[in-house]
Amino acid sequence: MASAHESWRPRFHLSPRTGWLNDPNGLCQFRGYYHAFHQYDPAWPKAGKKGWGHFRSRDLLNWEDMGAALMPSIPEDADGVYSGSALIQGGAASDGGDLMRLYYTGNVKYEGDHIHTGRDANEIMVTSEDGENFSEKQVLLRPEDYPSDLTRHVRDPKVWEQDGRYYMVLGARRSDDVGGVLLYGSDDAERWELVRRIESERPFGYMWECPDVLRVDGHEFLSVSPQGLPSEPTRWQNIYQSGYFPLDGRLVDTEVVDESKFVELDFGPDFYAPQSFVDDSGRVILIGWMGMPDVDYSSAPDGLEWCHCLTLPRELSVGPDGLLRQWPVRELGLERISAQPISASAGAILPRHYADIVLEGIEGELHMSLDNDLTLDFADGMLVLGFSGKGGCGRDLRRCPLDSLSELRVIVDGSTVEAYANHGERVISTRWFPTADTLLVSLHTNCQKANAWEIGGMF
Ligand code: FRU
């Protein structure tokens, strides 16, 4: 039997060999490679300082671990190279003039509460011509450049080009504990001026982390990770949320967003700080951190030497209701090896915890379980994730309102589970640490087709 440590290692979700991972950073496609950087503390479980770890891939499936790309090295990022994004400039992938610019927040801590005093946030840029070697760090914005009624929490630059101009959004916390974003504009992607602040009509949490503009099928959405929304039975069930405001037009023309329209991107316990990028074929791809800050459940049980992973890359589209749909990139389908029908009496047993489970033509209620532990139930307009065994390591129920359920795809990848309902209308992501050697899929429902694909091949 493979040790539990190894069978918990996801194949398609990026995880550090050792150490700590949080937010995806600097996602892009550049000169034929997809790049996924991420928040990385190699010293974990000891306390260290965060930088950017780096993976690259030609196909979004097989990733090369490039190690640490950016670590604290100047006074302006002395206590952390925090989250940020990539901007690719130039022509086609083969064009030698292409340039990768990476933007991040340099975090500096002094004496103080680190909210109102005792912290600096500097927006910093590095460039790269090959995606492997990075230039000197250049400080672009300093605390004195932000509006004076903000706390010291200003961070997570997301930069993009639109209609011949460059834009940046930053997440911010006002001194009166109201979250919002700052929109900056630039002609050269280096000198930035505040265009305006974008806030919600009524306060919506005290801080918005990791803002992003999602531009999909001609629609725009402002994505943020708000902190400070009190939990309710069917929404804001995590300590912090991630989701988006649908916009009437372009983000760069938007002055205020309607907080009553905020849509959560994922209803599971393990999803935060997502970031999108547009690949060379024009797909808008979103990757989230498959984790959550400040929780008491475990993502590294049994002495694992690595903590957390990223979600699958998900392609975004807009549904008939004008809201986003998320679907694992089609490359993942190439990894299917063989399918087993899931029978009502015996279920299906797969040799390992690497599976792509597809249910089609579901009618009425559904009860599904993995190893008689992780459960997914649909009844009365609610899809519910639960754990009846120990694999959830302290995670509890998550409820996801859904009018009807016709289709469900559940991807199990080591210690990760992502469930996509109605072709990505709703998504539930969770870590799960099974201890059985094989994967038992049990199913009670009325459905036309139920198959469990073994995925993953050799690795
Ligand atoms: C979100 C976040 C970001 C910050 C980073 C630090 O999880 O708090 O706002 O830049 O993590 O690791």
# chains A, B, ... in the order shown; residues from 1 in each chain; ligands from 1
$ residues_near_ligand --ligand "ligand 1" --cutoff "6 Å" --atoms "only C-alpha atoms and all ligand atoms" --output "list of chain:residue names"
A:Asp23, A:Gln39, A:Tyr82, A:Ser83, A:Arg155, A:Asp156, A:Glu209, A:Cys210, A:Ala273
$ residues_around --residues "A:Val159" --least-positions-apart "5" --cutoff "10 Å" --atoms "only C-alpha atoms" --output "count of residues only"
21
$ closest_residue --among "A:Arg152, A:Arg56, A:Arg409, A:His114" --to "A:Asp130" --atoms "only C-alpha atoms"
A:Arg56
$ atom_distance --atom1 "atom CA of A:Asp396" --atom2 "atom CA of A:Phe267"
12.2 Å
$ closest_residue --among "A:Val417, A:Val412, A:Cys307, A:Leu405" --to "A:Asn22" --atoms "only C-alpha atoms"
A:Cys307
$ decode --residues "stretch 290-319 of chain A" --atoms "N, CA, C and O atoms" --output "mmCIF file, in the first residue's frame"
data_model
loop_
_atom_site.group_PDB
_atom_site.id
_atom_site.type_symbol
_atom_site.label_atom_id
_atom_site.label_comp_id
_atom_site.auth_asym_id
_atom_site.auth_seq_id
_atom_site.Cartn_x
_atom_site.Cartn_y
_atom_site.Cartn_z
ATOM 1 N N MET A 290 -6.872 26.357 -2.937
ATOM 2 C CA MET A 290 -7.751 25.352 -2.355
ATOM 3 C C MET A 290 -7.443 25.276 -0.870
ATOM 4 O O MET A 290 -6.875 24.297 -0.366
ATOM 5 N N GLY A 291 -7.786 26.343 -0.187
ATOM 6 C CA GLY A 291 -7.515 26.449 1.240
ATOM 7 C C GLY A 291 -8.265 27.655 1.764
ATOM 8 O O GLY A 291 -9.008 28.305 1.027
ATOM 9 N N MET A 292 -8.074 27.956 3.006
ATOM 10 C CA MET A 292 -8.802 29.059 3.651
ATOM 11 C C MET A 292 -7.951 29.526 4.825
ATOM 12 O O MET A 292 -7.471 28.692 5.596
ATOM 13 N N PRO A 293 -7.745 30.845 4.965
ATOM 14 C CA PRO A 293 -6.952 31.308 6.110
ATOM 15 C C PRO A 293 -7.731 31.171 7.426
ATOM 16 O O PRO A 293 -8.972 31.122 7.407
ATOM 17 N N ASP A 294 -7.012 31.152 8.530
ATOM 18 C CA ASP A 294 -7.589 31.336 9.864
ATOM 19 C C ASP A 294 -8.688 30.342 10.217
ATOM 20 O O ASP A 294 -9.716 30.709 10.803
ATOM 21 N N VAL A 295 -8.530 29.069 9.833
ATOM 22 C CA VAL A 295 -9.536 28.056 10.185
ATOM 23 C C VAL A 295 -8.931 27.050 11.145
ATOM 24 O O VAL A 295 -7.708 26.939 11.254
ATOM 25 N N ASP A 296 -9.810 26.283 11.826
ATOM 26 C CA ASP A 296 -9.259 25.316 12.784
ATOM 27 C C ASP A 296 -9.268 23.891 12.233
ATOM 28 O O ASP A 296 -8.852 22.973 12.908
ATOM 29 N N TYR A 297 -9.723 23.680 10.989
ATOM 30 C CA TYR A 297 -9.616 22.325 10.444
ATOM 31 C C TYR A 297 -8.280 22.163 9.725
ATOM 32 O O TYR A 297 -7.647 23.148 9.343
ATOM 33 N N SER A 298 -7.882 20.904 9.526
ATOM 34 C CA SER A 298 -6.511 20.662 9.069
ATOM 35 C C SER A 298 -6.422 20.449 7.563
ATOM 36 O O SER A 298 -7.289 19.847 6.944
ATOM 37 N N SER A 299 -5.340 20.953 6.988
ATOM 38 C CA SER A 299 -5.023 20.639 5.596
ATOM 39 C C SER A 299 -3.682 19.940 5.494
ATOM 40 O O SER A 299 -3.142 19.771 4.403
ATOM 41 N N ALA A 300 -3.144 19.576 6.643
ATOM 42 C CA ALA A 300 -1.876 18.832 6.656
ATOM 43 C C ALA A 300 -1.905 17.826 7.801
ATOM 44 O O ALA A 300 -1.100 17.898 8.719
ATOM 45 N N PRO A 301 -2.842 16.864 7.745
ATOM 46 C CA PRO A 301 -2.908 15.898 8.845
ATOM 47 C C PRO A 301 -1.734 14.932 8.780
ATOM 48 O O PRO A 301 -1.033 14.864 7.762
ATOM 49 N N ASP A 302 -1.540 14.197 9.854
ATOM 50 C CA ASP A 302 -0.587 13.103 9.852
ATOM 51 C C ASP A 302 0.826 13.566 9.506
ATOM 52 O O ASP A 302 1.568 12.869 8.814
ATOM 53 N N GLY A 303 1.170 14.775 9.904
ATOM 54 C CA GLY A 303 2.541 15.242 9.705
ATOM 55 C C GLY A 303 2.953 15.468 8.273
ATOM 56 O O GLY A 303 4.134 15.375 7.939
ATOM 57 N N LEU A 304 2.002 15.758 7.387
ATOM 58 C CA LEU A 304 2.368 16.055 5.991
ATOM 59 C C LEU A 304 3.398 17.182 5.963
ATOM 60 O O LEU A 304 3.284 18.140 6.723
ATOM 61 N N GLU A 305 4.331 17.085 5.050
ATOM 62 C CA GLU A 305 5.380 18.110 4.996
ATOM 63 C C GLU A 305 5.026 19.243 4.049
ATOM 64 O O GLU A 305 5.847 20.113 3.780
ATOM 65 N N TRP A 306 3.831 19.189 3.477
ATOM 66 C CA TRP A 306 3.380 20.273 2.597
ATOM 67 C C TRP A 306 1.956 20.637 3.003
ATOM 68 O O TRP A 306 1.207 19.791 3.481
ATOM 69 N N CYS A 307 1.613 21.893 2.805
ATOM 70 C CA CYS A 307 0.292 22.329 3.227
ATOM 71 C C CYS A 307 -0.361 23.132 2.112
ATOM 72 O O CYS A 307 0.179 24.140 1.666
ATOM 73 N N HIS A 308 -1.517 22.650 1.666
ATOM 74 C CA HIS A 308 -2.390 23.316 0.691
ATOM 75 C C HIS A 308 -1.989 23.076 -0.764
ATOM 76 O O HIS A 308 -0.859 22.672 -1.065
ATOM 77 N N CYS A 309 -2.957 23.353 -1.619
ATOM 78 C CA CYS A 309 -2.731 23.227 -3.064
ATOM 79 C C CYS A 309 -3.630 24.249 -3.765
ATOM 80 O O CYS A 309 -4.419 24.939 -3.122
ATOM 81 N N LEU A 310 -3.477 24.348 -5.062
ATOM 82 C CA LEU A 310 -4.363 25.203 -5.866
ATOM 83 C C LEU A 310 -5.499 24.354 -6.415
ATOM 84 O O LEU A 310 -5.414 23.126 -6.440
ATOM 85 N N THR A 311 -6.576 25.015 -6.886
ATOM 86 C CA THR A 311 -7.661 24.265 -7.526
ATOM 87 C C THR A 311 -7.240 23.856 -8.929
ATOM 88 O O THR A 311 -6.213 24.298 -9.456
ATOM 89 N N LEU A 312 -8.071 23.069 -9.569
ATOM 90 C CA LEU A 312 -7.906 22.805 -10.990
ATOM 91 C C LEU A 312 -8.031 24.123 -11.741
ATOM 92 O O LEU A 312 -8.767 25.019 -11.307
ATOM 93 N N PRO A 313 -7.369 24.236 -12.896
ATOM 94 C CA PRO A 313 -7.666 25.374 -13.766
ATOM 95 C C PRO A 313 -9.089 25.210 -14.317
ATOM 96 O O PRO A 313 -9.451 24.143 -14.806
ATOM 97 N N ARG A 314 -9.882 26.270 -14.189
ATOM 98 C CA ARG A 314 -11.294 26.200 -14.606
ATOM 99 C C ARG A 314 -11.551 27.219 -15.705
ATOM 100 O O ARG A 314 -11.231 28.398 -15.540
ATOM 101 N N GLU A 315 -12.138 26.773 -16.788
ATOM 102 C CA GLU A 315 -12.482 27.708 -17.859
ATOM 103 C C GLU A 315 -13.792 28.401 -17.499
ATOM 104 O O GLU A 315 -14.755 27.764 -17.071
ATOM 105 N N LEU A 316 -13.824 29.720 -17.688
ATOM 106 C CA LEU A 316 -15.025 30.492 -17.364
ATOM 107 C C LEU A 316 -15.853 30.748 -18.618
ATOM 108 O O LEU A 316 -15.318 30.987 -19.694
ATOM 109 N N SER A 317 -17.171 30.719 -18.447
ATOM 110 C CA SER A 317 -18.081 31.148 -19.509
ATOM 111 C C SER A 317 -19.270 31.815 -18.819
ATOM 112 O O SER A 317 -19.362 31.802 -17.591
ATOM 113 N N VAL A 318 -20.147 32.408 -19.615
ATOM 114 C CA VAL A 318 -21.310 33.078 -19.035
ATOM 115 C C VAL A 318 -22.558 32.267 -19.386
ATOM 116 O O VAL A 318 -22.774 31.907 -20.546
ATOM 117 N N GLY A 319 -23.366 31.958 -18.387
ATOM 118 C CA GLY A 319 -24.595 31.180 -18.593
ATOM 119 C C GLY A 319 -25.745 32.066 -19.039
ATOM 120 O O GLY A 319 -25.619 33.302 -19.073
#
